[in-house]
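Just below is one structure, and these are the notes that go with it.
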Amino acid sequence: MRFMEERAGSAWAWPSSTAGIDHAYTYGYWLDCLKLDRVKPAISASTARCLRHVARNLFGRRGHPSLTGANEPTLPHLYSCTQQLRLLRMMLVREDGADLRIGQAIPRPWLESGKKIDLQNAPTSFGPVSFTIESHIDRRQIAVNLTAPARETPRAIILRLRHPNGEAIKSVTMDGKPIDSFKDDTVTLASPRGALKILVEY
(Lines give C-alpha, C1' and ligand atoms only; values in the text may rest on other atoms or scores of the structure.)
Protein backbone atom coordinates (compact mmCIF):
# COMPACT_ATOMS: atom_id res chain seq x y z
CA MET A 1 0.00 0.00 0.00
CA ARG A 2 2.80 2.41 0.89
CA PHE A 3 4.55 1.70 -2.41
CA MET A 4 1.39 2.50 -4.34
CA GLU A 5 0.55 5.63 -2.37
CA GLU A 6 4.07 7.05 -2.08
CA ARG A 7 4.91 6.54 -5.74
CA ALA A 8 1.84 8.30 -7.16
CA GLY A 9 0.12 5.00 -7.87
CA SER A 10 -3.17 6.31 -6.61
CA ALA A 11 -5.08 9.57 -6.44
CA TRP A 12 -8.18 10.02 -4.34
CA ALA A 13 -8.18 6.25 -3.63
CA TRP A 14 -8.25 5.51 -7.35
CA PRO A 15 -5.33 3.84 -9.16
CA SER A 16 -3.50 6.19 -11.45
CA SER A 17 -3.54 5.18 -15.10
CA THR A 18 -0.39 7.22 -15.64
CA ALA A 19 1.40 4.91 -13.19
CA GLY A 20 0.35 1.90 -15.24
CA ILE A 21 -1.88 0.33 -12.57
CA ASP A 22 -5.11 -1.14 -13.91
CA HIS A 23 -8.04 -0.60 -11.55
CA ALA A 24 -9.17 -4.18 -12.17
CA TYR A 25 -6.17 -5.51 -10.26
CA THR A 26 -6.38 -3.34 -7.16
CA TYR A 27 -9.03 -5.25 -5.20
CA GLY A 28 -6.36 -6.34 -2.73
CA TYR A 29 -5.46 -2.69 -2.06
CA TRP A 30 -9.06 -1.82 -1.21
CA LEU A 31 -9.50 -4.95 0.87
CA ASP A 32 -6.45 -3.92 2.89
CA CYS A 33 -8.05 -0.49 3.33
CA LEU A 34 -11.06 -2.22 4.91
CA LYS A 35 -8.84 -4.36 7.13
CA LEU A 36 -7.17 -1.16 8.35
CA ASP A 37 -10.61 0.47 8.76
CA ARG A 38 -9.84 3.08 6.13
CA VAL A 39 -13.34 2.90 4.69
CA LYS A 40 -13.34 6.10 2.66
CA PRO A 41 -10.97 4.80 -0.06
CA ALA A 42 -13.09 1.65 -0.45
CA ILE A 43 -16.30 3.68 -0.74
CA SER A 44 -14.65 6.07 -3.21
CA ALA A 45 -13.38 3.16 -5.28
CA SER A 46 -16.77 1.45 -5.42
CA THR A 47 -18.50 4.68 -6.42
CA ALA A 48 -15.86 5.65 -8.97
CA ARG A 49 -15.99 2.24 -10.61
CA CYS A 50 -19.74 2.59 -11.12
CA LEU A 51 -19.55 6.17 -12.37
CA ARG A 52 -16.55 5.78 -14.62
CA HIS A 53 -16.58 2.24 -15.90
CA VAL A 54 -20.14 0.92 -16.14
CA ALA A 55 -21.46 0.54 -19.67
CA ARG A 56 -24.39 2.84 -20.25
CA ASN A 57 -26.49 0.36 -22.20
CA LEU A 58 -25.63 -3.04 -20.68
CA PHE A 59 -24.90 -2.29 -16.99
CA GLY A 60 -21.72 -4.29 -17.44
CA ARG A 61 -18.16 -3.16 -16.98
CA ARG A 62 -15.89 -2.19 -19.80
CA GLY A 63 -12.17 -2.73 -19.95
CA HIS A 64 -11.20 0.87 -20.59
CA PRO A 65 -12.88 4.12 -19.57
CA SER A 66 -14.38 6.17 -22.33
CA LEU A 67 -16.27 9.44 -22.41
CA THR A 68 -18.46 8.12 -25.19
CA GLY A 69 -19.37 4.81 -23.54
CA ALA A 70 -18.13 2.91 -26.61
CA ASN A 71 -16.92 -0.29 -25.07
CA GLU A 72 -17.99 -3.17 -27.32
CA PRO A 73 -14.43 -4.37 -28.06
CA THR A 74 -13.77 -5.05 -24.38
CA LEU A 75 -17.01 -6.75 -23.33
CA PRO A 76 -17.70 -8.84 -21.41
CA HIS A 77 -15.08 -7.76 -18.90
CA LEU A 78 -16.00 -10.31 -16.23
CA TYR A 79 -12.94 -9.87 -14.05
CA SER A 80 -13.79 -6.22 -13.38
CA CYS A 81 -17.43 -7.13 -12.69
CA THR A 82 -16.33 -9.76 -10.20
CA GLN A 83 -14.00 -7.39 -8.36
CA GLN A 84 -16.70 -4.73 -8.15
CA LEU A 85 -19.14 -7.21 -6.61
CA ARG A 86 -16.52 -8.57 -4.21
CA LEU A 87 -15.70 -5.08 -3.00
CA LEU A 88 -19.37 -4.25 -2.45
CA ARG A 89 -19.85 -7.51 -0.57
CA MET A 90 -16.91 -6.76 1.73
CA MET A 91 -18.23 -3.26 2.38
CA LEU A 92 -21.50 -4.80 3.61
CA VAL A 93 -20.41 -8.16 5.08
CA ARG A 94 -16.83 -9.16 5.88
CA GLU A 95 -15.30 -11.99 7.87
CA ASP A 96 -12.60 -10.79 10.26
CA GLY A 97 -11.08 -13.86 11.89
CA ALA A 98 -13.62 -15.15 14.42
CA ASP A 99 -15.79 -12.05 13.98
CA LEU A 100 -18.29 -11.00 11.32
CA ARG A 101 -18.45 -7.33 10.35
CA ILE A 102 -21.70 -5.91 9.01
CA GLY A 103 -22.06 -2.47 7.46
CA GLN A 104 -18.43 -1.48 7.93
CA ALA A 105 -18.28 0.70 4.82
CA ILE A 106 -21.91 1.58 4.11
CA PRO A 107 -21.86 5.01 2.44
CA ARG A 108 -23.46 7.57 4.77
CA PRO A 109 -26.12 8.69 2.25
CA TRP A 110 -27.46 5.11 2.19
CA LEU A 111 -28.66 5.64 5.77
CA GLU A 112 -30.54 8.87 5.22
CA SER A 113 -34.03 8.92 6.70
CA GLY A 114 -36.48 6.57 5.00
CA LYS A 115 -33.81 4.47 3.28
CA LYS A 116 -33.39 0.72 3.76
CA ILE A 117 -30.62 -1.79 3.15
CA ASP A 118 -31.85 -5.37 2.78
CA LEU A 119 -29.49 -8.33 2.42
CA GLN A 120 -30.88 -11.87 2.58
CA ASN A 121 -29.04 -15.19 2.93
CA ALA A 122 -25.63 -13.75 2.19
CA PRO A 123 -23.08 -16.59 2.31
CA THR A 124 -20.30 -16.25 4.88
CA SER A 125 -17.76 -18.66 6.34
CA PHE A 126 -20.06 -18.93 9.39
CA GLY A 127 -23.16 -19.67 7.31
CA PRO A 128 -25.78 -17.45 5.68
CA VAL A 129 -26.57 -14.11 7.31
CA SER A 130 -29.54 -11.84 6.69
CA PHE A 131 -30.21 -8.30 7.79
CA THR A 132 -32.42 -5.31 7.14
CA ILE A 133 -31.32 -1.84 8.19
CA GLU A 134 -34.05 0.82 8.16
CA SER A 135 -33.19 4.44 8.77
CA HIS A 136 -35.53 6.68 10.75
CA ILE A 137 -33.02 9.43 11.32
CA ASP A 138 -35.87 11.94 11.35
CA ARG A 139 -36.83 10.22 14.64
CA ARG A 140 -33.13 9.79 15.58
CA GLN A 141 -33.34 6.00 15.18
CA ILE A 142 -32.05 3.18 13.02
CA ALA A 143 -33.77 -0.22 13.25
CA VAL A 144 -31.96 -3.45 12.41
CA ASN A 145 -33.45 -6.93 11.96
CA LEU A 146 -30.60 -9.42 11.92
CA THR A 147 -30.52 -13.20 11.56
CA ALA A 148 -27.15 -14.49 12.71
CA PRO A 149 -25.40 -17.38 10.94
CA ALA A 150 -26.54 -20.75 12.28
CA ARG A 151 -23.81 -23.12 11.07
CA GLU A 152 -21.15 -21.56 13.28
CA THR A 153 -21.60 -18.78 15.82
CA PRO A 154 -19.20 -15.88 15.30
CA ARG A 155 -17.33 -14.69 18.35
CA ALA A 156 -19.04 -11.36 17.68
CA ILE A 157 -21.00 -9.54 15.03
CA ILE A 158 -19.61 -6.04 14.74
CA LEU A 159 -22.40 -3.84 13.37
CA ARG A 160 -21.46 -0.41 12.08
CA LEU A 161 -24.11 2.17 11.34
CA ARG A 162 -22.52 5.21 9.69
CA HIS A 163 -24.94 8.02 10.55
CA PRO A 164 -25.44 10.40 7.60
CA ASN A 165 -24.18 13.32 9.72
CA GLY A 166 -21.51 11.36 11.57
CA GLU A 167 -23.37 11.33 14.89
CA ALA A 168 -22.49 8.82 17.60
CA ILE A 169 -24.86 6.23 19.05
CA LYS A 170 -26.48 7.19 22.37
CA SER A 171 -28.34 3.99 23.26
CA VAL A 172 -29.10 0.51 21.93
CA THR A 173 -31.79 -2.04 22.71
CA MET A 174 -31.76 -5.65 21.51
CA ASP A 175 -35.06 -7.53 21.61
CA GLY A 176 -36.40 -4.74 23.82
CA LYS A 177 -33.60 -4.89 26.40
CA PRO A 178 -30.89 -2.23 26.71
CA ILE A 179 -27.31 -3.21 25.95
CA ASP A 180 -24.14 -1.20 26.50
CA SER A 181 -21.76 -2.85 24.04
CA PHE A 182 -21.51 0.11 21.67
CA LYS A 183 -19.08 2.91 20.95
CA ASP A 184 -19.21 5.79 18.48
CA ASP A 185 -21.00 4.27 15.44
CA THR A 186 -20.48 0.58 16.23
CA VAL A 187 -22.46 -2.07 18.13
CA THR A 188 -20.76 -5.31 19.18
CA LEU A 189 -22.98 -8.38 19.58
CA ALA A 190 -21.14 -11.17 21.40
CA SER A 191 -21.91 -14.75 20.32
CA PRO A 192 -25.10 -13.77 18.46
CA ARG A 193 -27.70 -16.44 17.75
CA GLY A 194 -31.01 -16.49 15.93
CA ALA A 195 -33.16 -13.53 14.89
CA LEU A 196 -32.38 -10.26 16.66
CA LYS A 197 -34.20 -6.92 16.68
CA ILE A 198 -31.89 -4.01 17.36
CA LEU A 199 -32.95 -0.39 17.84
CA VAL A 200 -30.24 2.25 17.82
CA GLU A 201 -30.94 5.77 19.11
CA TYR A 202 -28.99 8.96 18.45
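Order determines the names: the first chain of the C-alpha coordinates is A, the second B, and so forth; residues in each chain are numbered 1 upward, and ligands are numbered 1 upward as they are shown.
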**Asked** Ile157 in chain A: which residues within 9 Å, counting only C-alpha atoms, same-chain residues fewer than 5 positions away excluded, as a PyMOL selection string?
**Response** chain A and resi 99-102+148+187-192
Using the selection just defined, write its residues with N, CA and C atoms as a PDB file, in the first residue's frame.
```pdb
ATOM      1  N   ASP A  99     -14.696 -13.017  13.942  1.00  0.00           N
ATOM      2  CA  ASP A  99     -15.788 -12.047  13.976  1.00  0.00           C
ATOM      3  C   ASP A  99     -16.396 -11.856  12.586  1.00  0.00           C
ATOM      4  N   LEU A 100     -17.615 -11.337  12.567  1.00  0.00           N
ATOM      5  CA  LEU A 100     -18.290 -10.996  11.320  1.00  0.00           C
ATOM      6  C   LEU A 100     -18.653  -9.521  11.372  1.00  0.00           C
ATOM      7  N   ARG A 101     -18.169  -8.767  10.408  1.00  0.00           N
ATOM      8  CA  ARG A 101     -18.454  -7.334  10.345  1.00  0.00           C
ATOM      9  C   ARG A 101     -19.597  -7.068   9.377  1.00  0.00           C
ATOM     10  N   ILE A 102     -20.551  -6.291   9.830  1.00  0.00           N
ATOM     11  CA  ILE A 102     -21.704  -5.915   9.008  1.00  0.00           C
ATOM     12  C   ILE A 102     -21.766  -4.392   8.918  1.00  0.00           C
ATOM     13  N   ALA A 148     -28.545 -14.091  12.619  1.00  0.00           N
ATOM     14  CA  ALA A 148     -27.148 -14.485  12.708  1.00  0.00           C
ATOM     15  C   ALA A 148     -26.922 -15.822  12.004  1.00  0.00           C
ATOM     16  N   VAL A 187     -21.860  -1.201  17.114  1.00  0.00           N
ATOM     17  CA  VAL A 187     -22.465  -2.065  18.135  1.00  0.00           C
ATOM     18  C   VAL A 187     -21.811  -3.433  18.026  1.00  0.00           C
ATOM     19  N   THR A 188     -21.377  -3.986  19.157  1.00  0.00           N
ATOM     20  CA  THR A 188     -20.759  -5.307  19.176  1.00  0.00           C
ATOM     21  C   THR A 188     -21.705  -6.297  19.840  1.00  0.00           C
ATOM     22  N   LEU A 189     -22.054  -7.352  19.098  1.00  0.00           N
ATOM     23  CA  LEU A 189     -22.979  -8.377  19.583  1.00  0.00           C
ATOM     24  C   LEU A 189     -22.182  -9.650  19.818  1.00  0.00           C
ATOM     25  N   ALA A 190     -21.958 -10.001  21.063  1.00  0.00           N
ATOM     26  CA  ALA A 190     -21.143 -11.166  21.401  1.00  0.00           C
ATOM     27  C   ALA A 190     -21.940 -12.452  21.211  1.00  0.00           C
ATOM     28  N   SER A 191     -21.328 -13.418  20.539  1.00  0.00           N
ATOM     29  CA  SER A 191     -21.909 -14.752  20.319  1.00  0.00           C
ATOM     30  C   SER A 191     -23.383 -14.674  19.912  1.00  0.00           C
ATOM     31  N   PRO A 192     -23.693 -13.959  18.839  1.00  0.00           N
ATOM     32  CA  PRO A 192     -25.101 -13.769  18.458  1.00  0.00           C
ATOM     33  C   PRO A 192     -25.727 -15.040  17.897  1.00  0.00           C
TER      34      PRO A 192
END
```
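Contact shell of Asp96 in chain A at 12 Å (only C-alpha atoms; same-chain neighbours under 4 positions omitted): Leu31, Asp32, Leu34, Lys35, Leu36, Asp37, Met90, Leu100, Arg101, Ile102, Gln104, Thr124, Ser125, Phe126, Pro154, Arg155, Ala156, Ile157 and Ile158 of chain A.
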**Asked** So which residues touch Gly127 in chain A within 12 Å, counting only C-alpha atoms, skipping near sequence neighbours fewer than 2 positions away, as a PyMOL selection string?
**Response** chain A and resi 95+100+120-125+129-130+147-154+193
**Message:** Could you check the closest approach to Gly166 in chain A for each of A:Tyr202, A:Tyr27, A:Phe131, A:Phe182 and tell me which residue wins, using only C-alpha atoms?
**Reply:** A:Tyr202
**Fill in**
One residue among A:Pro128, A:Gly176, A:Gly194, A:Pro109 is nearest to His163 in chain A when using only C-alpha atoms, and that residue is A:Pro109
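Closest approach to Trp110 in chain A from the set A:Ile43, A:Ala195, A:Ile169, A:Leu146 is made by A:Ile43, with distances taken over only C-alpha atoms.
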**Item:** Contacts of Asn145 in chain A at 10 Å (only C-alpha atoms; same-chain gap of 5+ positions) as a list in words
**Value:**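 Answer for this query is Asp118, Ser130, Phe131, Thr132, Ile133, Glu134, Met174, Asp175, Ala195, Leu196, Lys197, Ile198 and Leu199 of chain A.
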Save out the residues we just selected, N, CA and C atoms, as a PDB file, in the first residue's frame.
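Written output follows (again18.pdb):
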```
ATOM      1  N   ASP A 118     -31.285  -4.035   2.548  1.00  0.00           N
ATOM      2  CA  ASP A 118     -31.851  -5.367   2.779  1.00  0.00           C
ATOM      3  C   ASP A 118     -30.951  -6.404   2.121  1.00  0.00           C
ATOM      4  N   SER A 130     -28.555 -12.744   7.272  1.00  0.00           N
ATOM      5  CA  SER A 130     -29.543 -11.836   6.687  1.00  0.00           C
ATOM      6  C   SER A 130     -29.702 -10.628   7.594  1.00  0.00           C
ATOM      7  N   PHE A 131     -29.913  -9.480   6.977  1.00  0.00           N
ATOM      8  CA  PHE A 131     -30.206  -8.297   7.793  1.00  0.00           C
ATOM      9  C   PHE A 131     -30.955  -7.260   6.976  1.00  0.00           C
ATOM     10  N   THR A 132     -31.750  -6.484   7.693  1.00  0.00           N
ATOM     11  CA  THR A 132     -32.418  -5.315   7.136  1.00  0.00           C
ATOM     12  C   THR A 132     -32.102  -4.137   8.043  1.00  0.00           C
ATOM     13  N   ILE A 133     -31.616  -3.066   7.452  1.00  0.00           N
ATOM     14  CA  ILE A 133     -31.319  -1.843   8.188  1.00  0.00           C
ATOM     15  C   ILE A 133     -32.257  -0.761   7.674  1.00  0.00           C
ATOM     16  N   GLU A 134     -33.099  -0.223   8.547  1.00  0.00           N
ATOM     17  CA  GLU A 134     -34.055   0.821   8.159  1.00  0.00           C
ATOM     18  C   GLU A 134     -33.735   2.099   8.918  1.00  0.00           C
ATOM     19  N   MET A 174     -31.705  -4.428  22.305  1.00  0.00           N
ATOM     20  CA  MET A 174     -31.763  -5.654  21.509  1.00  0.00           C
ATOM     21  C   MET A 174     -32.889  -6.502  22.057  1.00  0.00           C
ATOM     22  N   ASP A 175     -33.855  -6.808  21.195  1.00  0.00           N
ATOM     23  CA  ASP A 175     -35.060  -7.533  21.612  1.00  0.00           C
ATOM     24  C   ASP A 175     -35.712  -6.859  22.813  1.00  0.00           C
ATOM     25  N   ALA A 195     -32.649 -14.805  15.412  1.00  0.00           N
ATOM     26  CA  ALA A 195     -33.155 -13.535  14.895  1.00  0.00           C
ATOM     27  C   ALA A 195     -33.118 -12.483  15.999  1.00  0.00           C
ATOM     28  N   LEU A 196     -32.563 -11.334  15.674  1.00  0.00           N
ATOM     29  CA  LEU A 196     -32.382 -10.263  16.655  1.00  0.00           C
ATOM     30  C   LEU A 196     -32.999  -8.972  16.125  1.00  0.00           C
ATOM     31  N   LYS A 197     -33.658  -8.243  17.011  1.00  0.00           N
ATOM     32  CA  LYS A 197     -34.204  -6.924  16.676  1.00  0.00           C
ATOM     33  C   LYS A 197     -33.424  -5.886  17.459  1.00  0.00           C
ATOM     34  N   ILE A 198     -32.777  -4.984  16.743  1.00  0.00           N
ATOM     35  CA  ILE A 198     -31.887  -4.007  17.359  1.00  0.00           C
ATOM     36  C   ILE A 198     -32.402  -2.620  17.019  1.00  0.00           C
ATOM     37  N   LEU A 199     -32.534  -1.779  18.041  1.00  0.00           N
ATOM     38  CA  LEU A 199     -32.953  -0.391  17.836  1.00  0.00           C
ATOM     39  C   LEU A 199     -31.857   0.509  18.370  1.00  0.00           C
TER      40      LEU A 199
END
```
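Of the residues in range 80-115 of chain A, those given strand (DSSP E or B) by DSSP on the backbone are Val93, Arg94, Glu95, Asp96, Asp99, Leu100, Arg101 and Ile102 of chain A.
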**Message:** Could you list, as a list in words, every residue within 7 Å of Ser135 in chain A, counting only C-alpha atoms and ignoring same-chain residues fewer than 4 positions away?
**Reply:**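 Neighbouring residues, sequence-local ones excluded: Leu111, Glu112, Ser113, Gly114, Lys115, Lys116, Gln141, Ile142 and Ala143 of chain A.
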Can those selected residues be exported to a file as a tab-separated table (two decimals), in the first residue's frame so that it contains N, CA and C atoms?
```tsv
chain	number	residue	atom	x	y	z
A	111	LEU	N	-27.91	5.71	4.52
A	111	LEU	CA	-28.66	5.64	5.77
A	111	LEU	C	-29.39	6.95	6.08
A	112	GLU	N	-29.68	7.70	5.03
A	112	GLU	CA	-30.54	8.87	5.22
A	112	GLU	C	-31.95	8.41	5.56
A	113	SER	N	-32.71	9.29	6.19
A	113	SER	CA	-34.03	8.92	6.70
A	113	SER	C	-34.93	8.36	5.61
A	114	GLY	N	-35.57	7.22	5.93
A	114	GLY	CA	-36.48	6.57	5.00
A	114	GLY	C	-35.82	5.53	4.11
A	115	LYS	N	-34.50	5.44	4.13
A	115	LYS	CA	-33.81	4.47	3.28
A	115	LYS	C	-33.63	3.15	4.00
A	116	LYS	N	-33.50	2.08	3.21
A	116	LYS	CA	-33.39	0.72	3.76
A	116	LYS	C	-32.35	-0.06	3.00
A	141	GLN	N	-33.42	7.45	14.98
A	141	GLN	CA	-33.34	6.00	15.18
A	141	GLN	C	-32.92	5.29	13.90
A	142	ILE	N	-32.27	4.14	14.09
A	142	ILE	CA	-32.05	3.18	13.02
A	142	ILE	C	-32.45	1.82	13.57
A	143	ALA	N	-33.29	1.10	12.83
A	143	ALA	CA	-33.77	-0.22	13.25
A	143	ALA	C	-33.09	-1.30	12.42
```
